[in-house]
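Below is one structure, written out as structure tokens, with a few remarks after it.
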Amino acid sequence: IQEKIQDNATNADNIDSALTDDEAVAKTSTVHFAAMGDMLAHDTIIANAKTDSGYNFQKFFTNIRPSYQSADVVFCNQEGLSAGEKWGISGYPSFNAPTQFSEDLQDGAGCNLINLANNHMGDKGTDAINVTLDVWSKLNPLGISGANKSADDQKKISYFSKNGIKFSFLAFADFNNNASTPSYAVNIYHDTALVESLVTEARANSDVVIVSMH
């Protein structure tokens, strides 16, 4: 009987130790998050980024990158398209940057959580939105949200995990400058049914919900 009591006591200690370890992991699982303002490719920015062989936007972030170098997640709002030459490179009032703009936001600024829900996303039409989405999809950031190729795509939520924590990412804009684009092209937060549906699903399937409201 004494041996059985001792075995039970040992098992209880092991369970307590396991719980303590799990609790310790829960308490020390952290994610460092950084967020930036609008990445807006005005004509002057594009002109300054021009090189003999293309564009270099990375240089604009050299001095600030060290201040958030340790961030696991870097949120950026790409304010406007990056559909390239076919749709005309232009700044205000109809923004479209070179595809290099997105690449340099990732490599130079470290952007890996990308908001595309903003009023300038529709400036050059639906096809340019689709190209911009393709550019970012090839770069494979942690998450992209806010612009869509179809109504079905609009229902999809961007999920990612960091350090054992599961995140969902949603993005909405106040309005879209181009009313001729389909309603699904840019998520609008006045569409309360859309917002409620996506947020409800995101809450049920992630530990943390990140929402961008532009």
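By convention here, the chains of the structure tokens are called A, B, ... in the order presented, each chain's residues are numbered starting at 1, and ligands are numbered starting at 1 in the order presented.
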For this session: Can you list, as a PyMOL selection string, all residues belonging to range 29-203 of chain A that DSSP tags as strand (DSSP E)?
Result: chain A and resi 33-39+73-78+113-115+143-145+158-162+165-172
Please save C-alpha atoms of the selected residues as a PDB file, in the first residue's frame.
ATOM      1  CA  PHE A  33       4.474  43.551 -33.527  1.00  0.00           C
ATOM      2  CA  ALA A  34       5.358  46.701 -35.463  1.00  0.00           C
ATOM      3  CA  ALA A  35       3.003  48.808 -37.556  1.00  0.00           C
ATOM      4  CA  MET A  36       3.669  51.492 -40.135  1.00  0.00           C
ATOM      5  CA  GLY A  37       1.554  54.148 -41.757  1.00  0.00           C
ATOM      6  CA  ASP A  38       0.577  54.528 -45.405  1.00  0.00           C
ATOM      7  CA  MET A  39       3.116  53.398 -47.978  1.00  0.00           C
ATOM      8  CA  VAL A  73       5.202  40.885 -37.518  1.00  0.00           C
ATOM      9  CA  VAL A  74       5.470  44.158 -39.461  1.00  0.00           C
ATOM     10  CA  PHE A  75       2.145  45.581 -40.609  1.00  0.00           C
ATOM     11  CA  CYS A  76       2.166  47.895 -43.630  1.00  0.00           C
ATOM     12  CA  ASN A  77      -0.593  49.550 -45.603  1.00  0.00           C
ATOM     13  CA  GLN A  78       0.332  49.611 -49.279  1.00  0.00           C
ATOM     14  CA  LEU A 113       1.481  41.722 -42.948  1.00  0.00           C
ATOM     15  CA  ILE A 114      -0.049  43.588 -45.860  1.00  0.00           C
ATOM     16  CA  ASN A 115      -3.185  45.715 -45.892  1.00  0.00           C
ATOM     17  CA  GLY A 143      -0.795  37.653 -44.481  1.00  0.00           C
ATOM     18  CA  ILE A 144      -2.583  39.758 -47.082  1.00  0.00           C
ATOM     19  CA  SER A 145      -6.064  41.185 -46.639  1.00  0.00           C
ATOM     20  CA  SER A 158      -5.798  35.188 -43.803  1.00  0.00           C
ATOM     21  CA  TYR A 159      -4.325  33.059 -40.993  1.00  0.00           C
ATOM     22  CA  PHE A 160      -0.748  32.667 -39.815  1.00  0.00           C
ATOM     23  CA  SER A 161       1.093  31.381 -36.746  1.00  0.00           C
ATOM     24  CA  LYS A 162       4.045  32.860 -34.917  1.00  0.00           C
ATOM     25  CA  ILE A 165       0.175  31.779 -31.430  1.00  0.00           C
ATOM     26  CA  LYS A 166      -2.399  31.615 -34.220  1.00  0.00           C
ATOM     27  CA  PHE A 167      -3.408  34.938 -35.767  1.00  0.00           C
ATOM     28  CA  SER A 168      -6.126  35.987 -38.173  1.00  0.00           C
ATOM     29  CA  PHE A 169      -5.867  39.168 -40.226  1.00  0.00           C
ATOM     30  CA  LEU A 170      -8.747  41.209 -41.632  1.00  0.00           C
ATOM     31  CA  ALA A 171      -8.695  44.567 -43.400  1.00  0.00           C
ATOM     32  CA  PHE A 172     -11.400  47.052 -44.369  1.00  0.00           C
TER      33      PHE A 172
END
Exercise. Which residue out of A:Ala128, A:Ala202, A:Asn118, A:Leu139 has the minimum interatomic distance to Tyr189 in chain A when only C-alpha atoms are used?
Worked result: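 Comparing A:Ala128, A:Ala202, A:Asn118, A:Leu139 against Tyr189 in chain A, the winner is A:Asn118.
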Counting only C-alpha atoms, which residues in range 115-154 of chain A sit no more than 9 Å from range 178-185 of chain A? For each one, give the nearest pair of atoms and the distance in Å, sorted by chain then residue number, as CSV.
residue,atom,partner,partner_atom,distance
A:Asn119,CA,A:Asn178,CA,8.0
A:His120,CA,A:Asn178,CA,8.0
A:Met121,CA,A:Asn178,CA,8.4
A:Gly122,CA,A:Asn178,CA,5.3
A:Asp123,CA,A:Asn178,CA,5.9
A:Lys124,CA,A:Asn178,CA,8.1
A:Gly125,CA,A:Thr181,CA,6.2
A:Thr126,CA,A:Thr181,CA,5.8
A:Ile129,CA,A:Ala185,CA,7.7
A:Asn130,CA,A:Ala185,CA,8.9
A:Gly146,CA,A:Ala185,CA,8.3
A:Ala147,CA,A:Ala185,CA,5.4
A:Asn148,CA,A:Ala185,CA,4.9
A:Lys149,CA,A:Ala185,CA,6.3
A:Ser150,CA,A:Tyr184,CA,6.2
A:Ala151,CA,A:Tyr184,CA,5.3
A:Asp152,CA,A:Tyr184,CA,8.7
A:Asp153,CA,A:Tyr184,CA,8.3
A:Gln154,CA,A:Tyr184,CA,6.1
Deliver the residues from the most recent selection as a file, using N, CA, C and O atoms, as a tab-separated table (two decimals), in the first residue's frame.
chain	number	residue	atom	x	y	z
A	119	ASN	N	-8.58	53.37	-50.06
A	119	ASN	CA	-9.37	54.04	-51.11
A	119	ASN	C	-8.68	54.11	-52.46
A	119	ASN	O	-9.32	54.30	-53.49
A	120	HIS	N	-7.35	53.93	-52.49
A	120	HIS	CA	-6.62	53.99	-53.77
A	120	HIS	C	-6.42	52.63	-54.43
A	120	HIS	O	-5.84	52.57	-55.53
A	121	MET	N	-6.88	51.57	-53.81
A	121	MET	CA	-6.63	50.24	-54.37
A	121	MET	C	-7.34	50.04	-55.71
A	121	MET	O	-6.89	49.27	-56.56
A	122	GLY	N	-8.43	50.74	-55.93
A	122	GLY	CA	-9.17	50.58	-57.18
A	122	GLY	C	-8.83	51.59	-58.24
A	122	GLY	O	-9.50	51.65	-59.29
A	123	ASP	N	-7.79	52.40	-58.04
A	123	ASP	CA	-7.51	53.53	-58.92
A	123	ASP	C	-7.38	53.17	-60.40
A	123	ASP	O	-7.75	53.96	-61.28
A	124	LYS	N	-6.83	52.01	-60.71
A	124	LYS	CA	-6.62	51.62	-62.11
A	124	LYS	C	-7.51	50.45	-62.54
A	124	LYS	O	-7.30	49.86	-63.60
A	125	GLY	N	-8.48	50.11	-61.71
A	125	GLY	CA	-9.43	49.08	-62.11
A	125	GLY	C	-9.14	47.69	-61.57
A	125	GLY	O	-8.13	47.43	-60.90
A	126	THR	N	-10.04	46.78	-61.91
A	126	THR	CA	-10.03	45.42	-61.37
A	126	THR	C	-8.79	44.63	-61.77
A	126	THR	O	-8.19	43.94	-60.94
A	129	ILE	N	-5.84	45.54	-59.75
A	129	ILE	CA	-5.95	44.98	-58.40
A	129	ILE	C	-5.47	43.53	-58.41
A	129	ILE	O	-4.69	43.10	-57.54
A	130	ASN	N	-5.93	42.78	-59.41
A	130	ASN	CA	-5.57	41.36	-59.49
A	130	ASN	C	-4.06	41.17	-59.66
A	130	ASN	O	-3.47	40.26	-59.06
A	146	GLY	N	-7.81	42.57	-47.57
A	146	GLY	CA	-8.42	43.85	-47.94
A	146	GLY	C	-8.84	44.00	-49.37
A	146	GLY	O	-9.74	44.77	-49.68
A	147	ALA	N	-8.18	43.27	-50.29
A	147	ALA	CA	-8.55	43.30	-51.71
A	147	ALA	C	-8.72	41.86	-52.18
A	147	ALA	O	-8.07	40.95	-51.67
A	148	ASN	N	-9.59	41.69	-53.18
A	148	ASN	CA	-9.96	40.33	-53.57
A	148	ASN	C	-10.19	40.22	-55.08
A	148	ASN	O	-10.60	41.17	-55.74
A	149	LYS	N	-9.96	39.01	-55.60
A	149	LYS	CA	-10.20	38.72	-57.01
A	149	LYS	C	-11.63	38.28	-57.29
A	149	LYS	O	-12.08	38.32	-58.44
A	150	SER	N	-12.32	37.82	-56.26
A	150	SER	CA	-13.67	37.29	-56.46
A	150	SER	C	-14.47	37.39	-55.17
A	150	SER	O	-13.91	37.65	-54.09
A	151	ALA	N	-15.77	37.15	-55.29
A	151	ALA	CA	-16.64	37.14	-54.11
A	151	ALA	C	-16.26	36.01	-53.17
A	151	ALA	O	-16.34	36.15	-51.94
A	152	ASP	N	-15.84	34.89	-53.73
A	152	ASP	CA	-15.40	33.76	-52.89
A	152	ASP	C	-14.13	34.11	-52.14
A	152	ASP	O	-13.98	33.77	-50.95
A	153	ASP	N	-13.21	34.79	-52.81
A	153	ASP	CA	-11.97	35.20	-52.14
A	153	ASP	C	-12.26	36.15	-50.98
A	153	ASP	O	-11.56	36.14	-49.96
A	154	GLN	N	-13.28	36.97	-51.13
A	154	GLN	CA	-13.61	37.93	-50.09
A	154	GLN	C	-14.03	37.25	-48.79
A	154	GLN	O	-13.90	37.80	-47.70
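Closest approach to Asn140 in chain A among A:Ser53, A:Asn112, A:Thr62, A:Asn177 is made by A:Asn112 (distances from only C-alpha atoms).
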